[in-house]
file data-v4.cif (mmCIF, C-alpha atoms and all ligand atoms)
data_input
#
loop_
_atom_site.label_atom_id
_atom_site.label_comp_id
_atom_site.auth_asym_id
_atom_site.auth_seq_id
_atom_site.Cartn_x
_atom_site.Cartn_y
_atom_site.Cartn_z
CA MET D 17 18.35 -13.24 3.16
CA HIS D 18 15.11 -12.57 1.26
CA PRO D 19 15.69 -9.86 -1.41
CA VAL D 20 12.85 -7.77 0.07
CA SER D 21 14.57 -7.73 3.44
CA SER D 22 17.94 -7.00 1.87
CA ALA D 23 16.54 -3.94 0.03
CA LEU D 24 14.67 -2.86 3.15
CA LEU D 25 17.76 -3.08 5.38
CA SER D 26 19.95 -1.18 2.87
CA TRP D 27 17.36 1.60 2.92
CA TYR D 28 17.09 1.44 6.73
CA ASP D 29 20.86 1.75 7.15
CA CYS D 30 20.70 5.17 5.47
CA ASN D 31 17.26 6.34 6.60
CA ALA D 32 16.53 4.91 10.06
CA ARG D 33 14.95 7.42 12.38
CA VAL D 34 17.23 8.14 15.32
CA LEU D 35 15.15 7.26 18.38
CA PRO D 36 16.19 6.83 22.01
CA TRP D 37 14.92 3.25 22.19
CA ARG D 38 17.01 2.15 19.21
CA GLY D 39 20.56 0.84 19.18
CA ILE D 40 20.20 -0.68 22.65
CA HIS D 41 19.61 -4.24 23.80
CA ASP D 42 17.46 -3.57 26.84
CA SER D 43 14.22 -5.54 26.89
CA TYR D 44 12.61 -3.29 29.53
CA ARG D 45 13.19 -0.16 27.43
CA THR D 46 11.95 -1.89 24.29
CA TRP D 47 8.84 -2.95 26.20
CA VAL D 48 8.15 0.57 27.48
CA SER D 49 8.67 2.08 24.02
CA GLU D 50 6.43 -0.47 22.31
CA ALA D 51 3.69 -0.01 24.92
CA MET D 52 3.81 3.76 24.39
CA LEU D 53 3.94 3.52 20.60
CA GLN D 54 0.73 1.49 20.31
CA GLN D 55 -1.83 3.79 18.62
CA THR D 56 0.45 6.78 19.25
CA ARG D 57 2.80 8.79 17.07
CA VAL D 58 6.56 8.71 17.68
CA GLU D 59 6.72 12.51 18.17
CA THR D 60 4.10 12.28 20.93
CA VAL D 61 5.87 9.40 22.66
CA LEU D 62 9.38 10.92 22.80
CA PRO D 63 8.97 13.21 25.86
CA TYR D 64 6.86 10.62 27.71
CA TYR D 65 9.45 7.91 27.14
CA SER D 66 12.33 9.83 28.71
CA ARG D 67 10.20 11.11 31.62
CA PHE D 68 8.83 7.63 32.32
CA LEU D 69 12.32 6.11 32.36
CA SER D 70 13.73 8.76 34.62
CA CYS D 71 10.93 7.97 37.11
CA PHE D 72 11.10 4.19 36.64
CA PRO D 73 14.62 3.45 35.30
CA THR D 74 14.37 -0.31 35.76
CA LEU D 75 11.71 -2.98 35.60
CA ALA D 76 12.14 -3.50 39.35
CA ALA D 77 11.56 0.21 40.03
CA LEU D 78 8.37 0.14 37.93
CA ALA D 79 7.13 -2.99 39.71
CA GLU D 80 7.41 -1.19 43.07
CA ALA D 81 5.55 1.93 41.92
CA GLU D 82 1.99 2.83 42.90
CA GLU D 83 -0.57 2.72 40.09
CA SER D 84 -1.34 6.41 40.69
CA GLU D 85 2.34 7.33 40.05
CA VAL D 86 2.41 5.33 36.82
CA LEU D 87 -0.85 6.86 35.59
CA LYS D 88 0.49 10.31 36.42
CA GLN D 89 3.51 9.70 34.17
CA TRP D 90 1.13 8.48 31.45
CA GLU D 91 -1.20 11.47 31.80
CA GLY D 92 -2.10 12.84 28.36
CA LEU D 93 -0.74 9.86 26.41
CA GLY D 94 -4.17 8.15 26.35
CA TYR D 95 -5.12 4.47 26.23
CA TYR D 96 -4.38 4.18 29.94
CA SER D 97 -4.93 0.43 30.02
CA ARG D 98 -1.42 0.26 28.50
CA ALA D 99 0.04 1.84 31.63
CA ARG D 100 -1.93 -0.41 33.96
CA ASN D 101 -0.91 -3.49 31.95
CA LEU D 102 2.74 -2.40 31.96
CA LEU D 103 2.66 -2.10 35.75
CA ALA D 104 0.83 -5.42 36.19
CA GLY D 105 3.29 -7.01 33.76
CA ALA D 106 6.34 -5.63 35.59
CA ARG D 107 5.04 -7.03 38.89
CA GLN D 108 4.38 -10.38 37.17
CA VAL D 109 7.93 -10.46 35.74
CA MET D 110 9.40 -9.77 39.20
CA ARG D 111 7.20 -12.46 40.75
CA ASP D 112 7.20 -15.21 38.10
CA PHE D 113 10.18 -14.60 35.78
CA GLY D 114 12.99 -13.75 38.20
CA GLY D 115 12.91 -10.07 37.23
CA ASN D 116 13.84 -10.58 33.57
CA LEU D 117 11.70 -10.62 30.46
CA PRO D 118 12.08 -14.00 28.73
CA PRO D 119 13.41 -14.01 25.12
CA ASP D 120 10.83 -16.60 23.98
CA PRO D 121 7.86 -14.90 22.20
CA ALA D 122 5.41 -17.52 23.53
CA ARG D 123 6.52 -16.93 27.12
CA LEU D 124 6.45 -13.16 26.59
CA GLN D 125 2.76 -13.47 25.73
CA GLU D 126 2.10 -14.90 29.21
CA ILE D 127 2.84 -11.43 30.58
CA SER D 128 0.07 -8.91 31.14
CA GLY D 129 -0.39 -6.57 28.18
CA ILE D 130 2.03 -8.39 25.85
CA GLY D 131 0.26 -9.70 22.75
CA PRO D 132 1.69 -11.33 19.62
CA TYR D 133 2.89 -8.04 18.07
CA MET D 134 4.67 -6.79 21.18
CA ALA D 135 6.15 -10.23 21.90
CA GLY D 136 7.60 -10.25 18.36
CA ALA D 137 8.94 -6.73 18.74
CA ILE D 138 10.61 -7.40 22.12
CA ALA D 139 12.00 -10.81 21.08
CA SER D 140 13.47 -9.51 17.81
CA ILE D 141 14.70 -6.08 18.94
CA ALA D 142 15.99 -6.91 22.42
CA PHE D 143 16.99 -10.56 21.98
CA ASP D 144 17.72 -10.92 18.21
CA ILE D 145 15.16 -13.74 17.85
CA PRO D 146 14.10 -13.99 14.16
CA VAL D 147 10.34 -13.54 14.54
CA PRO D 148 8.06 -10.97 12.89
CA ALA D 149 6.18 -8.18 14.69
CA VAL D 150 2.92 -7.79 12.79
CA ASP D 151 0.97 -4.62 13.46
CA GLY D 152 -1.28 -2.47 11.25
CA ASN D 153 1.74 -1.01 9.45
CA VAL D 154 3.10 -4.42 8.52
CA ILE D 155 -0.34 -5.66 7.44
CA ARG D 156 -0.57 -2.66 5.11
CA VAL D 157 2.93 -3.08 3.65
CA ILE D 158 2.54 -6.82 3.05
CA SER D 159 -1.01 -6.49 1.65
CA ARG D 160 0.42 -4.08 -0.90
CA LEU D 161 3.67 -5.91 -1.61
CA TYR D 162 1.72 -9.10 -2.40
CA ASN D 163 -1.44 -7.37 -3.70
CA ILE D 164 -3.70 -9.13 -1.19
CA ASN D 165 -7.24 -8.10 -2.10
CA GLU D 166 -9.04 -10.01 0.65
CA ASP D 167 -10.33 -8.67 3.98
CA ALA D 168 -7.18 -8.51 6.14
CA SER D 169 -9.26 -8.78 9.32
CA ARG D 170 -10.34 -12.34 8.43
CA PRO D 171 -8.32 -14.85 10.49
CA SER D 172 -7.26 -16.92 7.47
CA VAL D 173 -6.04 -13.83 5.56
CA ARG D 174 -4.32 -12.51 8.69
CA ARG D 175 -2.55 -15.86 9.15
CA GLY D 176 -1.37 -15.68 5.54
CA ILE D 177 0.05 -12.19 6.09
CA GLU D 178 1.76 -13.34 9.29
CA SER D 179 3.35 -16.26 7.52
CA ILE D 180 4.69 -13.98 4.74
CA ALA D 181 5.97 -11.60 7.44
CA ALA D 182 7.78 -14.52 9.11
CA GLU D 183 9.41 -15.59 5.82
CA LEU D 184 10.78 -12.08 5.29
CA VAL D 185 12.53 -11.81 8.68
CA PRO D 186 16.27 -12.44 8.20
CA PRO D 187 18.09 -14.67 10.70
CA ASP D 188 20.54 -11.87 11.39
CA ARG D 189 19.27 -8.34 12.17
CA PRO D 190 15.62 -9.40 12.84
CA GLY D 191 15.10 -6.38 15.09
CA ASP D 192 16.37 -3.96 12.46
CA HIS D 193 14.19 -5.64 9.81
CA ASN D 194 11.08 -5.26 11.98
CA GLN D 195 11.90 -1.66 12.82
CA ALA D 196 12.55 -0.93 9.14
CA MET D 197 9.07 -2.31 8.33
CA MET D 198 7.64 0.00 11.00
CA ASP D 199 9.49 3.01 9.56
CA LEU D 200 8.42 2.18 6.02
CA GLY D 201 4.78 1.82 7.09
CA ALA D 202 4.88 5.02 9.13
CA GLY D 203 6.65 7.25 6.61
CA ILE D 204 6.32 5.90 3.07
CA CYS D 205 3.81 3.06 2.75
CA VAL D 206 1.26 5.15 4.62
CA PRO D 207 -2.53 4.67 4.73
CA GLY D 208 -4.31 6.29 1.81
CA THR D 209 -1.77 7.36 -0.78
CA PRO D 210 1.62 5.67 -0.36
CA ASP D 211 4.76 7.46 -1.52
CA CYS D 212 5.82 4.68 -3.93
CA CYS D 213 8.40 6.84 -5.75
CA ARG D 214 10.52 6.93 -2.58
CA CYS D 215 9.92 3.31 -1.63
CA PRO D 216 12.91 0.92 -1.50
CA LEU D 217 10.55 -1.99 -2.20
CA SER D 218 8.76 -0.65 -5.30
CA ALA D 219 10.61 -3.13 -7.56
CA PHE D 220 9.02 -6.00 -5.59
CA CYS D 221 5.59 -4.46 -5.05
CA LYS D 222 2.69 -6.13 -6.86
CA ALA D 223 0.12 -3.48 -5.89
CA PHE D 224 2.44 -0.74 -7.17
CA SER D 225 2.68 -2.56 -10.52
CA ALA D 226 -1.08 -3.12 -10.58
CA GLY D 227 -1.78 0.51 -9.64
CA ASN D 228 -4.10 -0.32 -6.73
CA ALA D 229 -1.81 0.28 -3.73
CA ALA D 230 -4.03 3.08 -2.37
CA ASP D 231 -6.98 0.63 -2.07
CA LEU D 232 -5.09 -1.77 0.20
CA PRO D 233 -5.30 -3.27 2.72
CA VAL D 234 -8.93 -4.33 2.44
CA LEU D 235 -10.49 -3.79 5.86
CA PRO D 236 -14.10 -3.77 7.11
CA LYS D 237 -15.64 -0.32 7.59
CA SER D 238 -15.19 0.83 11.17
CA ARG D 239 -18.34 1.57 13.14
CA PRO D 240 -19.04 5.27 13.72
CA GLN D 241 -18.13 6.55 17.18
CA LYS D 242 -20.94 6.91 19.71
CA LEU D 243 -21.67 10.55 20.59
CA ILE D 244 -22.42 11.13 24.28
CA SER D 245 -23.42 14.45 25.87
CA TRP D 246 -22.13 15.13 29.37
CA THR D 247 -22.43 17.97 31.80
CA VAL D 248 -19.07 18.23 33.57
CA LEU D 249 -19.40 19.62 37.10
CA ILE D 250 -16.66 21.76 38.56
CA ILE D 251 -17.90 21.82 42.15
CA ARG D 252 -15.84 23.84 44.60
CA SER D 253 -15.98 24.04 48.35
CA GLY D 254 -13.53 26.74 49.45
CA ASN D 255 -10.14 25.75 48.08
CA ARG D 256 -11.16 22.17 47.37
CA VAL D 257 -12.77 20.68 44.30
CA LEU D 258 -14.84 17.54 43.93
CA LEU D 259 -13.25 14.79 41.83
CA ARG D 260 -14.23 11.22 41.11
CA ARG D 261 -11.87 8.34 40.45
CA ARG D 262 -13.26 6.43 37.49
CA THR D 263 -14.13 2.78 37.87
CA GLU D 264 -15.42 2.39 34.30
CA LYS D 265 -13.20 0.59 31.79
CA LEU D 266 -12.63 3.79 29.83
CA LEU D 267 -10.09 5.92 31.78
CA GLN D 268 -10.23 3.50 34.71
CA GLY D 269 -8.28 4.70 37.75
CA LEU D 270 -7.99 8.28 36.51
CA TRP D 271 -9.54 11.25 38.24
CA CYS D 272 -12.29 13.20 36.48
CA PHE D 273 -14.68 15.92 37.48
CA PRO D 274 -18.11 14.42 38.25
CA MET D 275 -20.19 14.17 35.09
CA ILE D 276 -23.92 13.77 34.50
CA GLU D 277 -25.12 12.36 31.20
CA GLY D 278 -27.05 14.97 29.22
CA CYS D 279 -26.64 18.66 28.59
CA PHE D 280 -27.94 20.70 31.57
CA SER D 281 -28.30 24.46 31.67
CA PRO D 282 -26.81 26.32 34.65
CA GLU D 283 -30.38 26.89 35.95
CA ASN D 284 -31.12 23.15 35.96
CA ALA D 285 -27.68 22.03 37.15
CA PRO D 286 -28.14 22.30 40.97
CA ALA D 287 -31.25 20.08 40.88
CA ALA D 288 -29.49 17.59 38.62
CA VAL D 289 -26.45 17.55 40.94
CA CYS D 290 -28.73 16.97 43.92
CA ARG D 291 -30.39 14.03 42.16
CA SER D 292 -27.18 12.39 41.00
CA LEU D 293 -24.69 13.23 43.78
CA GLY D 294 -27.02 14.01 46.69
CA ILE D 295 -25.37 17.34 47.55
CA MET D 296 -26.62 20.93 47.55
CA THR D 297 -24.85 23.42 45.28
CA ARG D 298 -25.35 27.03 44.24
CA ASN D 299 -23.91 29.79 41.99
CA PRO D 300 -24.04 27.75 38.76
CA CYS D 301 -21.98 29.27 35.98
CA ALA D 302 -21.48 28.02 32.41
CA HIS D 303 -17.89 27.68 31.10
CA GLY D 304 -18.60 26.77 27.49
CA LYS D 305 -18.27 23.42 25.79
CA ALA D 306 -15.50 20.96 25.01
CA ARG D 307 -15.22 17.86 22.89
CA HIS D 308 -12.99 14.83 23.33
CA VAL D 309 -12.66 12.08 20.76
CA PHE D 310 -11.86 8.53 21.89
CA THR D 311 -11.55 5.52 19.59
CA HIS D 312 -15.17 4.42 20.05
CA GLN D 313 -16.81 7.45 21.68
CA ILE D 314 -17.02 11.19 21.36
CA TRP D 315 -17.74 13.20 24.50
CA ASP D 316 -19.59 16.47 23.97
CA MET D 317 -19.15 18.24 27.28
CA SER D 318 -20.92 21.29 28.75
CA LEU D 319 -18.85 22.71 31.60
CA ILE D 320 -20.62 24.15 34.63
CA SER D 321 -19.04 25.37 37.85
CA LEU D 322 -20.92 25.38 41.14
CA SER D 323 -20.07 26.02 44.75
CA SER D 324 -21.05 24.18 47.88
CA GLU D 325 -20.68 24.60 51.63
CA ASN D 326 -17.57 23.55 53.55
CA ASP D 327 -19.45 20.87 55.46
CA THR D 328 -20.91 19.28 52.33
CA PRO D 329 -20.63 15.48 52.62
CA VAL D 330 -18.50 13.53 50.14
CA PRO D 331 -20.65 11.85 47.49
CA GLU D 332 -19.98 8.14 47.04
CA GLY D 333 -16.93 7.44 44.87
CA CYS D 334 -15.78 11.09 45.02
CA GLU D 335 -13.22 13.03 47.05
CA TRP D 336 -12.67 16.66 47.91
CA ILE D 337 -9.19 17.42 46.58
CA PRO D 338 -7.24 20.62 47.40
CA VAL D 339 -7.07 22.64 44.19
CA THR D 340 -3.31 22.96 44.63
CA ASP D 341 -2.98 19.15 44.43
CA ILE D 342 -4.63 18.88 41.02
CA GLU D 343 -1.31 18.88 39.21
CA LYS D 344 -0.03 15.97 41.31
CA ILE D 345 -2.80 13.57 40.33
CA ALA D 346 -3.55 11.87 37.01
CA LEU D 347 -6.34 13.52 35.05
CA PRO D 348 -6.98 12.48 31.44
CA SER D 349 -6.66 15.09 28.69
CA ALA D 350 -10.46 14.83 28.25
CA MET D 351 -10.57 16.98 31.41
CA ASN D 352 -8.20 19.72 30.14
CA ALA D 353 -11.00 22.21 29.41
CA ALA D 354 -12.55 21.58 32.84
CA VAL D 355 -9.15 22.17 34.51
CA ARG D 356 -8.88 25.49 32.65
CA ALA D 357 -12.42 26.38 33.81
CA LEU D 358 -11.38 25.56 37.38
CA ASP D 359 -8.35 27.87 36.99
CA ASP D 360 -10.69 30.65 35.80
CA CYS D 361 -12.97 30.11 38.81
CA MET D 362 -10.03 30.27 41.23
CA ARG D 363 -8.63 33.40 39.58
CA ASN D 364 -12.02 35.12 39.63
CA SER D 365 -12.60 34.27 43.28
CA VAL D 366 -9.17 35.79 44.16
CA ILE D 367 -10.01 38.95 42.17
CA SER D 368 -13.47 39.33 43.76
CA ARG D 369 -12.15 38.95 47.33
FE1 LIG R 1 3.95 0.55 -0.29
FE2 LIG R 1 4.22 1.75 -2.68
FE3 LIG R 1 6.30 0.63 -1.47
FE4 LIG R 1 4.40 -0.85 -2.49
S1 LIG R 1 5.77 0.50 -3.60
S2 LIG R 1 5.38 -1.14 -0.52
S3 LIG R 1 2.60 0.38 -2.05
S4 LIG R 1 5.12 2.40 -0.73
#
call {"tool": "encode", "arguments": {"input": "data-v4.cif", "output": "structure tokens", "more": "lines below"}}
Ligand code: SF4
result
Amino acid sequence: MHPVSSALLSWYDCNARVLPWRGIHDSYRTWVSEAMLQQTRVETVLPYYSRFLSCFPTLAALAEAEESEVLKQWEGLGYYSRARNLLAGARQVMRDFGGNLPPDPARLQEISGIGPYMAGAIASIAFDIPVPAVDGNVIRVISRLYNINEDASRPSVRRGIESIAAELVPPDRPGDHNQAMMDLGAGICVPGTPDCCRCPLSAFCKAFSAGNAADLPVLPKSRPQKLISWTVLIIRSGNRVLLRRRTEKLLQGLWCFPMIEGCFSPENAPAAVCRSLGIMTRNPCAHGKARHVFTHQIWDMSLISLSSENDTPVPEGCEWIPVTDIEKIALPSAMNAAVRALDDCMRNSVISR
């Protein structure tokens, strides 16, 4: 066993985080946990993981689910393409793989939503195959351990890091090794200032010796997020509210309140609604502003409620949904402020009756 892995595993044996997806050999559960953990903190994932598995306890149960049910269980976790890929992947496994995830990392990557990192994680954790699982954490740890001062996003540098990662994986306990790397990257060898004094690998770490660990890995500057102004329309007709199921890539398949690009005042909102949705509305009322930050976009939202007549036609792509059904359907957390505004409208209309 490589001395780095030996030191890492000794540390892991005493410091491993106790997590519900650890200590089991169940490829479906590993898959669900890894899908949820992409871009998301462990603490956030924990309640979603247990709820998701009580709804879809097996791969077969997930494969039979409706997309709307799966998105509902994912509501608030973000990056919804992960949920859609998981569902598509489960159906593919039932159809093409006899209902079982294959242990071979190359075959795992044939499945929807499973890339090289996740294939490595599933193969090593669930099937004890000695392959690495290289994500941002591992790139950071290895860049520092070996003092790699080149742009880690360049394919040749990335391949070098992957080959070092592969050399470090021990033939026994590959899953524990990969999970120990994840824990080290998440808790000690963190972005910015690493906690080298607590690190079990400091004796091997070239960047620690050179004093430049905080500067690594070298990565290109990320592009600033695009700021978009929206007017979010909370349009009620009696006890129903107008919602639109998104077809755009971002938040695809989730329900949102209709939105018009730009910031409209309540006075201008009915005319803007008429132009964009083709329906007549009245009683515009402002409900403040909200902001939601995505990876590549920031939504600056002005919230406006309006009312319309009972016989108002349904604008294309929208549906009138009973307000009481809102909690049964999947709305992204970007819509949380609008849902609260809708609650206020409903409360006020009860009070004024
Ligand atoms: Fe990371 Fe510091 Fe450990 Fe090196 S010594 S691996 S920089 S935490």
call {"tool": "closest_residue", "arguments": {"input": "data-v4.cif", "among": "D:Cys215, D:Val48, D:Ala79, D:Ala99", "to": "ligand LIG 1 (chain R)", "atoms": "all atoms listed in the file"}}
result
D:Cys215
call {"tool": "residues_near_ligand", "arguments": {"input": "data-v4.cif", "ligand": "ligand LIG 1 (chain R)", "cutoff": "7 Å", "atoms": "all atoms listed in the file", "output": "ChimeraX atom specification"}}
result
/D:157,160-161,204-205,210-212,215-218,221,223-224,229
call {"tool": "residues_around", "arguments": {"input": "data-v4.cif", "residues": "Ser324 (chain D)", "least_positions_apart": "5", "cutoff": "8 Å", "atoms": "only C-alpha atoms", "output": "NGL selection string"}}
result
:D and (251-253 or 296-298)
call {"tool": "residues_around", "arguments": {"input": "data-v4.cif", "residues": "Ile314 (chain D)", "least_positions_apart": "3", "cutoff": "9 Å", "atoms": "only C-alpha atoms", "output": "number ranges by chain"}}
result
D: 241-245, 307-311
call {"tool": "closest_residue", "arguments": {"input": "data-v4.cif", "among": "D:Phe220, D:Val234, D:Leu124, D:Val257", "to": "Val173 (chain D)", "atoms": "all atoms listed in the file"}}
result
D:Val234
call {"tool": "residues_around", "arguments": {"input": "data-v4.cif", "residues": "Gln195 (chain D)", "least_positions_apart": "5", "cutoff": "10 Å", "atoms": "only C-alpha atoms", "output": "list of chain:residue names"}}
result
D:Leu25, D:Tyr28, D:Ala32, D:Arg33, D:Arg38, D:Ala137, D:Ser140, D:Ile141, D:Ala149, D:Arg189, D:Pro190, D:Leu200, D:Gly201
call {"tool": "residues_around", "arguments": {"input": "data-v4.cif", "residues": "Glu85 (chain D)", "least_positions_apart": "3", "cutoff": "12 Å", "atoms": "all atoms listed in the file", "output": "ChimeraX atom specification"}}
result
/D:68,71-72,77-82,88-91,99-100,103,269-270,344-347
call {"tool": "closest_residue", "arguments": {"input": "data-v4.cif", "among": "D:Met317, D:Leu75, D:Ile250, D:Ile158", "to": "Met197 (chain D)", "atoms": "only C-alpha atoms"}}
result
D:Ile158
call {"tool": "atom_distance", "arguments": {"input": "data-v4.cif", "atom1": "CA of Thr74 (chain D)", "atom2": "CA of Tyr44 (chain D)"}}
result
7.1 Å
call {"tool": "atom_distance", "arguments": {"input": "data-v4.cif", "atom1": "CA of Leu258 (chain D)", "atom2": "CA of Asn364 (chain D)"}}
result
18.3 Å
call {"tool": "axis_aligned_box", "arguments": {"input": "data-v4.cif", "around": "region 94-105 of chain D", "padding_each_side": "4 Å", "output": "AutoDock Vina command-line options"}}
result
--center_x -0.9 --center_y 0.6 --center_z 31.2 --size_x 16.4 --size_y 23.2 --size_z 18.0
call {"tool": "closest_residue", "arguments": {"input": "data-v4.cif", "among": "D:Ala122, D:Leu259, D:Cys30, D:Ile127", "to": "Asp341 (chain D)", "atoms": "only C-alpha atoms"}}
result
D:Leu259
call {"tool": "closest_residue", "arguments": {"input": "data-v4.cif", "among": "D:Gly92, D:Pro186, D:Gly114, D:Pro132", "to": "Pro146 (chain D)", "atoms": "only C-alpha atoms"}}
result
D:Pro186
call {"tool": "atom_distance", "arguments": {"input": "data-v4.cif", "atom1": "CA of Ser321 (chain D)", "atom2": "CA of Cys301 (chain D)"}}
result
5.2 Å
call {"tool": "closest_residue", "arguments": {"input": "data-v4.cif", "among": "D:Ala230, D:Val58, D:Asp112, D:Gln125", "to": "Met198 (chain D)", "atoms": "all atoms listed in the file"}}
result
D:Val58
call {"tool": "residues_around", "arguments": {"input": "data-v4.cif", "residues": "Asp360 (chain D)", "least_positions_apart": "5", "cutoff": "12 Å", "atoms": "all atoms listed in the file", "output": "list in words"}}
result
Ile250, Cys301, Ala302, His303, Ile320, Ser321, Ala353, Ala354, Val355, Ser365, Val366 and Ile367 of chain D
call {"tool": "residues_near_point", "arguments": {"input": "data-v4.cif", "point": "(-23.8, 14.8, 49.9)", "cutoff": "6 Å", "atoms": "only C-alpha atoms", "output": "PDB file with C-alpha atoms, in the coordinates of the input"}}
result
ATOM      1  CA  GLY D 294     -27.020  14.010  46.690  1.00  0.00           C
ATOM      2  CA  ILE D 295     -25.370  17.340  47.550  1.00  0.00           C
ATOM      3  CA  THR D 328     -20.910  19.280  52.330  1.00  0.00           C
ATOM      4  CA  PRO D 329     -20.630  15.480  52.620  1.00  0.00           C
ATOM      5  CA  VAL D 330     -18.500  13.530  50.140  1.00  0.00           C
ATOM      6  CA  PRO D 331     -20.650  11.850  47.490  1.00  0.00           C
TER       7      PRO D 331
END
call {"tool": "residues_near_point", "arguments": {"input": "data-v4.cif", "point": "(-8.0, -4.7, 11.5)", "cutoff": "8 Å", "atoms": "all atoms listed in the file", "output": "list in words"}}
result
Gly152, Ala168, Ser169, Leu235 and Pro236 of chain D
call {"tool": "decode", "arguments": {"input": "data-v4.cif", "residues": "region 130-142 of chain D", "atoms": "N, CA, C and O atoms", "output": "CSV table (one decimal), in the first residue's frame"}}
result
chain,number,residue,atom,x,y,z
D,130,ILE,N,-24.1,9.2,-15.1
D,130,ILE,CA,-22.9,8.6,-14.4
D,130,ILE,C,-21.6,9.0,-15.2
D,130,ILE,O,-21.4,8.5,-16.3
D,131,GLY,N,-20.8,9.9,-14.7
D,131,GLY,CA,-19.6,10.3,-15.3
D,131,GLY,C,-18.4,9.6,-14.7
D,131,GLY,O,-18.6,8.7,-13.8
D,132,PRO,N,-17.2,9.9,-15.0
D,132,PRO,CA,-16.0,9.2,-14.5
D,132,PRO,C,-15.9,9.3,-13.0
D,132,PRO,O,-15.6,8.3,-12.4
D,133,TYR,N,-16.2,10.4,-12.4
D,133,TYR,CA,-16.1,10.5,-10.9
D,133,TYR,C,-17.1,9.5,-10.3
D,133,TYR,O,-16.7,8.7,-9.4
D,134,MET,N,-18.4,9.6,-10.7
D,134,MET,CA,-19.4,8.8,-10.0
D,134,MET,C,-19.2,7.3,-10.3
D,134,MET,O,-19.4,6.5,-9.4
D,135,ALA,N,-18.7,7.0,-11.5
D,135,ALA,CA,-18.4,5.6,-11.8
D,135,ALA,C,-17.3,5.1,-10.8
D,135,ALA,O,-17.4,4.0,-10.3
D,136,GLY,N,-16.3,5.9,-10.6
D,136,GLY,CA,-15.2,5.5,-9.7
D,136,GLY,C,-15.7,5.4,-8.3
D,136,GLY,O,-15.4,4.4,-7.6
D,137,ALA,N,-16.6,6.3,-7.9
D,137,ALA,CA,-17.1,6.2,-6.5
D,137,ALA,C,-18.0,5.0,-6.3
D,137,ALA,O,-17.8,4.2,-5.3
D,138,ILE,N,-18.9,4.7,-7.3
D,138,ILE,CA,-19.8,3.5,-7.1
D,138,ILE,C,-18.9,2.2,-7.2
D,138,ILE,O,-19.1,1.3,-6.4
D,139,ALA,N,-18.0,2.2,-8.2
D,139,ALA,CA,-17.2,0.9,-8.3
D,139,ALA,C,-16.4,0.6,-7.1
D,139,ALA,O,-16.3,-0.5,-6.6
D,140,SER,N,-15.8,1.7,-6.5
D,140,SER,CA,-14.9,1.4,-5.4
D,140,SER,C,-15.6,1.2,-4.1
D,140,SER,O,-15.3,0.3,-3.3
D,141,ILE,N,-16.7,2.0,-3.9
D,141,ILE,CA,-17.4,2.0,-2.6
D,141,ILE,C,-18.3,0.7,-2.6
D,141,ILE,O,-18.4,0.0,-1.6
D,142,ALA,N,-19.1,0.5,-3.6
D,142,ALA,CA,-20.1,-0.6,-3.6
D,142,ALA,C,-19.5,-1.9,-4.0
D,142,ALA,O,-20.0,-3.0,-3.6
